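Have a look at structure.tsv below; it lists TSV, C-alpha atoms.
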```
chain	number	residue	atom	x	y	z
A	1203	MET	CA	-2.59	42.70	-205.73
A	1204	ALA	CA	-0.58	40.89	-203.10
A	1205	PRO	CA	3.23	40.71	-203.48
A	1206	ARG	CA	4.56	37.33	-204.53
A	1207	ARG	CA	7.89	35.75	-205.35
A	1208	ASP	CA	9.06	35.89	-208.94
A	1209	THR	CA	10.82	33.00	-210.69
A	1210	ILE	CA	14.12	33.71	-208.92
A	1211	GLY	CA	12.65	34.29	-205.47
A	1212	ARG	CA	12.45	38.10	-205.38
A	1213	MET	CA	9.32	39.74	-203.99
A	1214	SER	CA	7.33	41.57	-206.63
A	1215	THR	CA	3.88	43.04	-207.03
A	1216	PRO	CA	2.20	41.88	-210.23
A	1217	THR	CA	1.12	44.47	-212.75
A	1218	PRO	CA	-2.60	45.02	-212.34
A	1219	SER	CA	-4.74	43.52	-215.07
A	1220	PHE	CA	-7.49	46.08	-214.65
A	1221	THR	CA	-8.30	49.68	-215.38
A	1222	LEU	CA	-9.61	52.00	-212.71
A	1223	LEU	CA	-12.80	53.77	-213.72
A	1224	PRO	CA	-13.55	57.39	-212.78
A	1225	ILE	CA	-14.95	57.86	-209.26
A	1226	ARG	CA	-18.73	58.12	-209.38
A	1227	THR	CA	-21.66	58.46	-207.01
A	1228	ALA	CA	-23.94	55.54	-206.18
A	1229	THR	CA	-27.34	54.41	-207.39
A	1230	VAL	CA	-29.75	51.95	-205.80
A	1231	GLN	CA	-28.41	49.35	-208.24
A	1232	ASP	CA	-25.13	49.42	-206.29
A	1233	LEU	CA	-26.73	48.08	-203.09
A	1234	ASP	CA	-25.51	44.48	-203.48
A	1235	ALA	CA	-21.89	45.48	-204.15
A	1236	LEU	CA	-21.87	48.09	-201.37
A	1237	ASP	CA	-23.36	45.67	-198.85
A	1238	ARG	CA	-20.93	42.91	-199.83
A	1239	LEU	CA	-17.89	45.18	-199.43
A	1240	GLU	CA	-19.14	46.67	-196.14
A	1241	GLN	CA	-19.48	43.18	-194.66
A	1242	ILE	CA	-15.95	42.27	-195.81
A	1243	CYS	CA	-14.39	45.46	-194.42
A	1244	PHE	CA	-15.92	45.73	-190.96
A	1245	PRO	CA	-16.61	43.36	-188.06
A	1246	PRO	CA	-20.33	42.54	-187.70
A	1247	ALA	CA	-20.85	44.93	-184.77
A	1248	GLU	CA	-19.42	47.84	-186.78
A	1249	ALA	CA	-20.63	47.10	-190.31
A	1250	ALA	CA	-23.68	48.91	-191.62
A	1251	SER	CA	-26.60	46.58	-192.21
A	1252	ARG	CA	-28.00	46.10	-195.69
A	1253	ALA	CA	-31.14	47.95	-194.53
A	1254	SER	CA	-29.05	50.91	-193.33
A	1255	ILE	CA	-27.10	51.09	-196.59
A	1256	SER	CA	-30.36	50.87	-198.52
A	1257	SER	CA	-31.94	53.74	-196.57
A	1258	ARG	CA	-28.79	55.85	-197.02
A	1259	LEU	CA	-28.86	55.19	-200.77
A	1260	ALA	CA	-32.50	56.25	-200.92
A	1261	VAL	CA	-31.75	59.58	-199.20
A	1262	PHE	CA	-28.18	60.58	-200.11
A	1263	PRO	CA	-26.80	58.50	-203.02
A	1264	ASP	CA	-24.69	61.50	-204.07
A	1265	HIS	CA	-22.74	61.13	-200.80
A	1266	PHE	CA	-21.48	57.67	-201.71
A	1267	TRP	CA	-18.31	57.86	-203.79
A	1268	LEU	CA	-17.31	54.65	-205.59
A	1269	LEU	CA	-14.08	53.56	-207.26
A	1270	GLU	CA	-14.42	50.54	-209.54
A	1271	ALA	CA	-12.02	48.48	-211.62
A	1272	GLN	CA	-12.74	47.21	-215.12
A	1273	HIS	CA	-11.20	43.75	-215.49
A	1274	GLY	CA	-10.53	43.15	-219.17
A	1275	PRO	CA	-13.08	43.52	-221.95
A	1276	ASP	CA	-15.27	40.73	-220.63
A	1277	GLY	CA	-14.22	40.63	-216.98
A	1278	GLY	CA	-16.81	43.07	-215.71
A	1279	THR	CA	-16.38	45.70	-213.05
A	1280	ARG	CA	-15.54	45.23	-209.40
A	1281	LEU	CA	-16.04	47.67	-206.55
A	1282	VAL	CA	-12.57	48.57	-205.28
A	1283	SER	CA	-13.33	51.19	-202.64
A	1284	PHE	CA	-16.08	53.49	-201.44
A	1285	VAL	CA	-16.63	56.33	-198.99
A	1286	ASN	CA	-20.05	57.32	-197.67
A	1287	GLY	CA	-21.68	59.65	-195.18
A	1288	MET	CA	-24.40	62.22	-194.64
A	1289	VAL	CA	-24.36	66.00	-194.42
A	1290	THR	CA	-25.55	67.76	-191.28
A	1291	ASP	CA	-25.26	70.95	-189.26
A	1292	GLN	CA	-24.39	68.82	-186.21
A	1293	PRO	CA	-20.61	69.27	-185.70
A	1294	HIS	CA	-20.07	65.81	-184.17
A	1295	LEU	CA	-20.65	62.38	-185.65
A	1296	LEU	CA	-23.40	60.81	-183.54
A	1297	ASP	CA	-24.12	57.08	-183.39
A	1298	GLU	CA	-27.76	57.59	-184.40
A	1299	MET	CA	-26.62	59.08	-187.74
A	1300	TYR	CA	-25.46	55.66	-188.94
A	1301	ASP	CA	-29.00	54.27	-189.05
A	1302	ASP	CA	-31.17	57.38	-189.41
A	1303	ALA	CA	-30.75	58.65	-192.97
A	1304	GLY	CA	-33.47	61.21	-192.20
A	1305	MET	CA	-30.86	63.21	-190.28
A	1306	HIS	CA	-29.24	64.12	-193.61
A	1307	ASN	CA	-29.50	67.84	-194.41
A	1308	PRO	CA	-28.42	68.56	-197.99
A	1309	GLN	CA	-27.53	72.13	-197.02
A	1310	GLY	CA	-25.65	71.08	-193.86
A	1311	ALA	CA	-22.28	72.49	-192.87
A	1312	TRP	CA	-20.44	69.25	-192.16
A	1313	GLN	CA	-19.81	66.22	-194.37
A	1314	MET	CA	-19.78	63.18	-192.09
A	1315	ILE	CA	-17.84	60.11	-193.22
A	1316	PHE	CA	-19.37	56.84	-192.01
A	1317	GLY	CA	-16.96	54.49	-193.70
A	1318	VAL	CA	-13.92	54.18	-195.94
A	1319	ASP	CA	-14.16	50.67	-197.41
A	1320	THR	CA	-11.54	49.05	-199.63
A	1321	HIS	CA	-11.62	45.45	-200.84
A	1322	PRO	CA	-8.69	43.47	-199.34
A	1323	ASP	CA	-7.43	42.56	-202.84
A	1324	TYR	CA	-6.89	46.26	-203.58
A	1325	ARG	CA	-5.46	47.55	-200.29
A	1326	ARG	CA	-2.13	49.35	-199.90
A	1327	HIS	CA	-2.24	50.95	-203.36
A	1328	GLY	CA	-3.69	54.34	-202.38
A	1329	TYR	CA	-7.22	53.65	-203.62
A	1330	ALA	CA	-8.94	54.53	-200.33
A	1331	GLY	CA	-6.98	57.78	-200.25
A	1332	ARG	CA	-8.00	58.56	-203.81
A	1333	VAL	CA	-11.71	58.17	-202.96
A	1334	LEU	CA	-11.36	60.05	-199.66
A	1335	ARG	CA	-9.61	62.98	-201.40
A	1336	HIS	CA	-12.46	63.04	-203.91
A	1337	ALA	CA	-15.05	63.17	-201.11
A	1338	ILE	CA	-13.08	65.95	-199.38
A	1339	GLU	CA	-12.85	68.00	-202.57
A	1340	THR	CA	-16.57	67.50	-203.24
A	1341	ALA	CA	-17.39	68.76	-199.72
A	1342	ARG	CA	-15.10	71.76	-200.25
A	1343	GLU	CA	-16.71	72.55	-203.63
A	1344	GLN	CA	-20.16	72.32	-202.03
A	1345	GLY	CA	-19.20	74.99	-199.50
A	1346	ARG	CA	-19.15	72.76	-196.40
A	1347	ARG	CA	-17.27	73.86	-193.28
A	1348	GLY	CA	-15.35	70.60	-193.35
A	1349	VAL	CA	-15.39	66.83	-192.97
A	1350	VAL	CA	-15.76	64.74	-189.79
A	1351	LEU	CA	-15.08	61.05	-189.24
A	1352	THR	CA	-14.32	58.66	-186.42
A	1353	CYS	CA	-11.56	56.07	-186.48
A	1354	LYS	CA	-9.68	53.60	-184.34
A	1355	ASP	CA	-6.28	54.39	-182.79
A	1356	ARG	CA	-4.36	52.65	-185.57
A	1357	LEU	CA	-5.85	54.95	-188.25
A	1358	VAL	CA	-5.32	58.35	-186.61
A	1359	GLN	CA	-2.01	58.90	-188.45
A	1360	PHE	CA	-3.49	57.77	-191.76
A	1361	TYR	CA	-6.27	60.37	-191.60
A	1362	ALA	CA	-3.83	63.02	-190.34
A	1363	THR	CA	-2.03	62.74	-193.70
A	1364	PHE	CA	-5.20	64.17	-195.31
A	1365	GLY	CA	-5.23	67.12	-192.90
A	1366	PHE	CA	-7.63	65.71	-190.31
A	1367	GLN	CA	-7.01	66.80	-186.73
A	1368	ASP	CA	-7.55	64.36	-183.86
A	1369	GLU	CA	-10.08	65.91	-181.45
A	1370	GLY	CA	-9.64	63.10	-178.94
A	1371	MET	CA	-11.96	60.29	-178.02
A	1372	SER	CA	-15.45	60.48	-179.48
A	1373	ALA	CA	-18.60	59.99	-177.45
A	1374	SER	CA	-19.44	57.25	-179.96
A	1375	THR	CA	-19.91	53.72	-178.71
A	1376	HIS	CA	-20.61	52.35	-182.21
A	1377	GLY	CA	-19.75	48.67	-182.36
A	1378	GLY	CA	-18.68	48.69	-178.72
A	1379	VAL	CA	-15.18	50.05	-179.46
A	1380	PRO	CA	-13.44	53.38	-178.71
A	1381	TRP	CA	-13.24	55.92	-181.55
A	1382	HIS	CA	-11.24	59.07	-182.17
A	1383	GLU	CA	-13.15	61.96	-183.71
A	1384	MET	CA	-11.18	63.48	-186.58
A	1385	ARG	CA	-12.00	66.80	-188.22
A	1386	LEU	CA	-10.80	68.52	-191.38
A	1387	THR	CA	-11.90	72.17	-191.34
A	1388	PHE	CA	-11.78	74.14	-194.58
```
Rewritten as structure tokens:
Amino acid sequence: MAPRRDTIGRMSTPTPSFTLLPIRTATVQDLDALDRLEQICFPPAEAASRASISSRLAVFPDHFWLLEAQHGPDGGTRLVSFVNGMVTDQPHLLDEMYDDAGMHNPQGAWQMIFGVDTHPDYRRHGYAGRVLRHAIETAREQGRRGVVLTCKDRLVQFYATFGFQDEGMSASTHGGVPWHEMRLTF
């Protein structure tokens, strides 16, 4: 919900007219919504393709965490935010992991995070953080060594608030931009 001016010119954020549903894992039926949000959230060179999302869903749907909003009794649900990534014994997030779902190892030590997507209409309300904390706690409960992600300079401080440590510039060239590798070790 974007802030707007009330009737006397003060800035206010409208009360949401939706209810957040419990975070859940994905199913193949979520492909359209996941693909739509991925394309909204990332530039074309960085966004996962529909085919990549589909192959990830086929192999590790339980490593997609979704937050949805119920809009009124007849308004339907809308995908607010999601986090996804594979599990591996490889300690660094490699570019080939994004498109090769076969690299997923359900017993792996490290939960990789490929993306933290939040619809622009729902940003700056803590929803991405809520889903990311859920993914972190799931990885901890599953006995992983920790969580690894890459991010741009402007997001280093954001991920640091969750306990991630900046390990410097990643070897990743995904999307043709520089990335920091961030690690949260349990």
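Proximity ranking of A:Val1261, A:Met1288, A:Ala1303, A:Ala1228 relative to A:Gly1317 places A:Met1288 first, based on only C-alpha atoms.
The smallest atom-to-atom distance between A:Asp1368 and any of A:Gln1241, A:Thr1229, A:Thr1279, A:Thr1387, using all atoms listed in the file, is found for A:Thr1387.
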Using all atoms listed in the file, determine which residues lie at most 12 Å from A:Pro1322, disregarding the query and same-chain residues fewer than 5 positions distant; provide the list as a list of chain:residue names.
-> A:Met1203, A:Ala1204, A:Leu1239, A:Glu1240, A:Gln1241, A:Ile1242, A:Cys1243, A:Phe1244, A:Leu1281, A:Val1282, A:Ser1283, A:His1327, A:Tyr1329, A:Ala1330
Would you list the residues near (-14.9, 59.2, -211.5) (no more than 8 Å away, in the coordinates of the file, using all atoms listed in the file) as a list of chain:residue names?
-> A:Leu1223, A:Pro1224, A:Ile1225, A:Arg1226, A:Leu1268, A:Leu1269
Spatial neighbours of A:Pro1275, 12 Å, only C-alpha atoms, chain gap at least 5 places, as a VMD selection string | chain A and resid 1219 to 1221
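Using all atoms listed in the file, the contacts of A:Leu1296 at a cut-off of 10 Å, with sequence neighbours closer than 4 positions omitted, comprise Gln1292, Tyr1300, Met1314, Thr1352, Ser1372, Ala1373, Ser1374, Thr1375 and His1376 of chain A.
When atom CA of A:Arg1325 is paired with atom CA of A:Gln1272, their separation reads 16.5 Å.
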Spatial neighbours of A:Gln1231, max dist 12 Å, all atoms listed in the file, sep filter under 3 positions, as a PyMOL selection string | chain A and resi 1227-1228+1234-1237+1255-1256+1259-1260+1263
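Counting from atom CA of A:Val1289, the distance to atom CA of A:Ala1271 is 27.5 Å.
Atom CA of A:Arg1238 is positioned 8.8 Å from atom CA of A:Arg1252.
Non-sequential neighbours of A:Val1379 (distance at most 10 Å, separation of 6 or more positions within a chain, all atoms listed in the file) are Ala1247, Glu1248, Cys1353 and Lys1354 of chain A.
Checking A:Leu1295, A:Ala1337, A:Val1318, A:Leu1386 one by one against A:Met1371, counting only C-alpha atoms, you find the shortest gap at A:Leu1295.
Each of A:His1306, A:Arg1356, A:His1321, A:Arg1258 was compared to A:Phe1284 using only C-alpha atoms, and A:His1321 turns out to be the nearest.
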